Amino acid sequence: MPYVPEHKAETRTRILDSARRLFNRNGLTSISIDEIMAGAGLTRGGFYSYFDSKEELYAEAITHFVNGSAHAAWQRTAFADRPEGQALAPRDPRRLSFALPPR
(Lines give C-alpha, C1' and ligand atoms only; values in the text may rest on other atoms or scores of the structure.)
Protein backbone atom coordinates (compact mmCIF):
# COMPACT_ATOMS: atom_id res chain seq x y z
CA MET A 1 0.00 0.00 0.00
CA PRO A 2 1.55 3.35 -1.02
CA TYR A 3 2.04 6.19 1.42
CA VAL A 4 -0.44 9.06 1.45
CA PRO A 5 0.83 12.41 0.05
CA GLU A 6 0.85 13.90 3.56
CA HIS A 7 3.38 11.29 4.64
CA LYS A 8 5.85 12.37 1.96
CA ALA A 9 5.43 16.05 2.94
CA GLU A 10 5.91 15.25 6.64
CA THR A 11 9.01 13.19 5.89
CA ARG A 12 10.45 15.99 3.76
CA THR A 13 9.85 18.44 6.62
CA ARG A 14 11.63 16.10 9.06
CA ILE A 15 14.63 15.97 6.72
CA LEU A 16 14.64 19.77 6.33
CA ASP A 17 14.42 20.28 10.10
CA SER A 18 17.28 17.84 10.71
CA ALA A 19 19.39 19.48 8.00
CA ARG A 20 18.72 22.99 9.30
CA ARG A 21 19.70 22.00 12.82
CA LEU A 22 22.89 20.18 11.76
CA PHE A 23 23.97 22.74 9.15
CA ASN A 24 23.45 25.51 11.69
CA ARG A 25 25.68 23.78 14.23
CA ASN A 26 28.37 22.42 11.93
CA GLY A 27 28.19 23.96 8.44
CA LEU A 28 27.60 22.37 5.06
CA THR A 29 30.84 20.46 4.63
CA SER A 30 31.05 18.93 8.11
CA ILE A 31 27.73 17.10 7.94
CA SER A 32 27.02 14.00 5.88
CA ILE A 33 23.77 12.91 4.29
CA ASP A 34 23.86 9.90 6.64
CA GLU A 35 23.91 12.21 9.68
CA ILE A 36 21.06 14.34 8.32
CA MET A 37 18.90 11.33 7.58
CA ALA A 38 19.70 9.73 10.96
CA GLY A 39 18.66 13.01 12.61
CA ALA A 40 15.33 12.71 10.81
CA GLY A 41 14.98 9.07 11.90
CA LEU A 42 15.52 7.77 8.37
CA THR A 43 18.13 5.89 6.35
CA ARG A 44 20.32 7.33 3.60
CA GLY A 45 18.51 5.27 0.96
CA GLY A 46 15.50 7.56 0.91
CA PHE A 47 17.42 10.82 0.57
CA TYR A 48 17.38 10.94 -3.23
CA SER A 49 13.61 10.46 -3.27
CA TYR A 50 13.38 13.96 -1.81
CA PHE A 51 16.48 15.86 -2.98
CA ASP A 52 18.90 15.69 -5.91
CA SER A 53 21.96 16.73 -3.91
CA LYS A 54 23.23 17.89 -0.54
CA GLU A 55 23.56 21.41 -1.95
CA GLU A 56 19.89 21.41 -2.97
CA LEU A 57 18.98 20.28 0.54
CA TYR A 58 21.11 23.06 2.02
CA ALA A 59 19.37 25.73 -0.07
CA GLU A 60 15.93 24.34 0.74
CA ALA A 61 16.76 24.04 4.45
CA ILE A 62 17.61 27.75 4.53
CA THR A 63 14.44 28.64 2.63
CA HIS A 64 12.40 26.36 4.92
CA PHE A 65 13.81 28.09 7.98
CA VAL A 66 13.25 31.61 6.69
CA ASN A 67 9.86 31.12 5.07
CA GLY A 68 8.12 28.00 6.13
CA SER A 69 9.08 26.55 9.46
CA ALA A 70 7.61 27.23 12.85
CA HIS A 71 10.93 28.82 13.74
CA ALA A 72 10.27 31.59 11.20
CA ALA A 73 7.16 32.99 12.92
CA TRP A 74 9.16 35.73 14.62
CA GLN A 75 10.46 36.87 11.24
CA ARG A 76 6.98 37.22 9.78
CA THR A 77 5.77 39.32 12.72
CA ALA A 78 8.92 41.30 13.48
CA PHE A 79 8.64 43.37 10.31
CA ALA A 80 4.88 43.16 9.74
CA ASP A 81 4.41 46.93 10.12
CA ARG A 82 7.09 47.75 7.53
CA PRO A 83 5.91 48.30 3.93
CA GLU A 84 6.99 45.60 1.48
CA GLY A 85 10.51 46.15 0.13
CA GLN A 86 11.31 49.08 2.42
CA ALA A 87 14.72 48.89 4.03
CA LEU A 88 15.19 49.67 7.68
CA ALA A 89 16.11 53.30 8.27
CA PRO A 90 19.63 53.83 9.61
CA ARG A 91 19.69 54.70 13.28
CA ASP A 92 21.19 57.82 14.72
CA PRO A 93 24.27 56.52 16.61
CA ARG A 94 23.71 59.18 19.29
CA ARG A 95 20.41 57.49 20.19
CA LEU A 96 21.74 53.96 20.59
CA SER A 97 21.92 52.71 24.16
CA PHE A 98 25.57 51.75 23.84
CA ALA A 99 26.68 55.09 22.37
CA LEU A 100 29.18 57.02 24.43
CA PRO A 101 27.92 60.22 26.08
CA PRO A 102 29.05 63.50 24.49
CA ARG A 103 32.23 65.04 25.93
# chains A, B, ... in the order shown; residues from 1 in each chain; ligands from 1
>>> residues_around(residues="Tyr48 in chain A", least_positions_apart="2", cutoff="12 Å", atoms="only C-alpha atoms", output="MDAnalysis selection string")
chainID A and resid 12 15 33:34 37 43:46 50:54 56:57
>>> write_last_selection(atoms="N, CA, C and O atoms", output="mmCIF file, in the first residue's frame")
data_model
loop_
_atom_site.group_PDB
_atom_site.id
_atom_site.type_symbol
_atom_site.label_atom_id
_atom_site.label_comp_id
_atom_site.auth_asym_id
_atom_site.auth_seq_id
_atom_site.Cartn_x
_atom_site.Cartn_y
_atom_site.Cartn_z
ATOM 1 N N ARG A 12 9.601 14.924 4.318
ATOM 2 C CA ARG A 12 10.451 15.985 3.759
ATOM 3 C C ARG A 12 10.713 17.068 4.804
ATOM 4 O O ARG A 12 11.838 17.540 4.953
ATOM 5 N N ILE A 15 13.279 15.892 7.291
ATOM 6 C CA ILE A 15 14.628 15.970 6.718
ATOM 7 C C ILE A 15 15.112 17.419 6.744
ATOM 8 O O ILE A 15 16.249 17.701 7.134
ATOM 9 N N ILE A 33 25.168 13.262 4.553
ATOM 10 C CA ILE A 33 23.772 12.908 4.294
ATOM 11 C C ILE A 33 23.320 11.853 5.295
ATOM 12 O O ILE A 33 22.190 11.902 5.788
ATOM 13 N N ASP A 34 24.201 10.922 5.636
ATOM 14 C CA ASP A 34 23.863 9.899 6.635
ATOM 15 C C ASP A 34 23.460 10.536 7.960
ATOM 16 O O ASP A 34 22.488 10.113 8.594
ATOM 17 N N MET A 37 19.999 12.296 7.619
ATOM 18 C CA MET A 37 18.904 11.326 7.579
ATOM 19 C C MET A 37 18.715 10.637 8.935
ATOM 20 O O MET A 37 17.586 10.407 9.357
ATOM 21 N N THR A 43 16.883 6.411 6.896
ATOM 22 C CA THR A 43 18.133 5.894 6.352
ATOM 23 C C THR A 43 18.530 6.690 5.113
ATOM 24 O O THR A 43 17.697 7.342 4.490
ATOM 25 N N ARG A 44 19.791 6.597 4.752
ATOM 26 C CA ARG A 44 20.320 7.330 3.601
ATOM 27 C C ARG A 44 19.591 6.974 2.304
ATOM 28 O O ARG A 44 19.439 7.805 1.412
ATOM 29 N N GLY A 45 19.129 5.755 2.197
ATOM 30 C CA GLY A 45 18.514 5.273 0.959
ATOM 31 C C GLY A 45 17.364 6.131 0.453
ATOM 32 O O GLY A 45 17.155 6.231 -0.745
ATOM 33 N N GLY A 46 16.636 6.751 1.332
ATOM 34 C CA GLY A 46 15.496 7.559 0.911
ATOM 35 C C GLY A 46 15.831 8.988 0.542
ATOM 36 O O GLY A 46 14.980 9.712 0.017
ATOM 37 N N TYR A 50 13.830 12.628 -2.211
ATOM 38 C CA TYR A 50 13.384 13.958 -1.808
ATOM 39 C C TYR A 50 14.255 15.084 -2.365
ATOM 40 O O TYR A 50 13.770 16.183 -2.603
ATOM 41 N N PHE A 51 15.543 14.825 -2.548
ATOM 42 C CA PHE A 51 16.483 15.861 -2.979
ATOM 43 C C PHE A 51 17.465 15.283 -3.985
ATOM 44 O O PHE A 51 17.814 14.108 -3.911
ATOM 45 N N ASP A 52 17.942 16.131 -4.906
ATOM 46 C CA ASP A 52 18.905 15.689 -5.907
ATOM 47 C C ASP A 52 20.335 15.722 -5.397
ATOM 48 O O ASP A 52 21.191 14.997 -5.890
ATOM 49 N N SER A 53 20.601 16.592 -4.417
ATOM 50 C CA SER A 53 21.964 16.732 -3.909
ATOM 51 C C SER A 53 21.943 17.348 -2.515
ATOM 52 O O SER A 53 20.931 17.910 -2.084
ATOM 53 N N LYS A 54 23.070 17.274 -1.853
ATOM 54 C CA LYS A 54 23.226 17.890 -0.542
ATOM 55 C C LYS A 54 23.112 19.408 -0.658
ATOM 56 O O LYS A 54 22.550 20.067 0.217
ATOM 57 N N GLU A 56 21.311 21.076 -2.831
ATOM 58 C CA GLU A 56 19.888 21.406 -2.968
ATOM 59 C C GLU A 56 19.207 21.374 -1.599
ATOM 60 O O GLU A 56 18.426 22.258 -1.262
ATOM 61 N N LEU A 57 19.530 20.369 -0.804
ATOM 62 C CA LEU A 57 18.976 20.276 0.540
ATOM 63 C C LEU A 57 19.379 21.487 1.366
ATOM 64 O O LEU A 57 18.552 22.069 2.078
#
>>> atom_distance(atom1="CA of Glu55 in chain A", atom2="CA of Val4 in chain A")
27.2 Å
>>> closest_residue(among="A:Ile31, A:Ser49, A:Asn67, A:Asn24", to="Lys8 in chain A", atoms="only C-alpha atoms")
A:Ser49
>>> closest_residue(among="A:Val66, A:Ile36, A:Ala59, A:Leu42", to="Arg21 in chain A", atoms="only C-alpha atoms")
A:Ile36
>>> atom_distance(atom1="CA of Ala38 in chain A", atom2="CA of Thr11 in chain A")
12.3 Å
>>> atom_distance(atom1="CA of Arg20 in chain A", atom2="CA of Ala61 in chain A")
5.3 Å
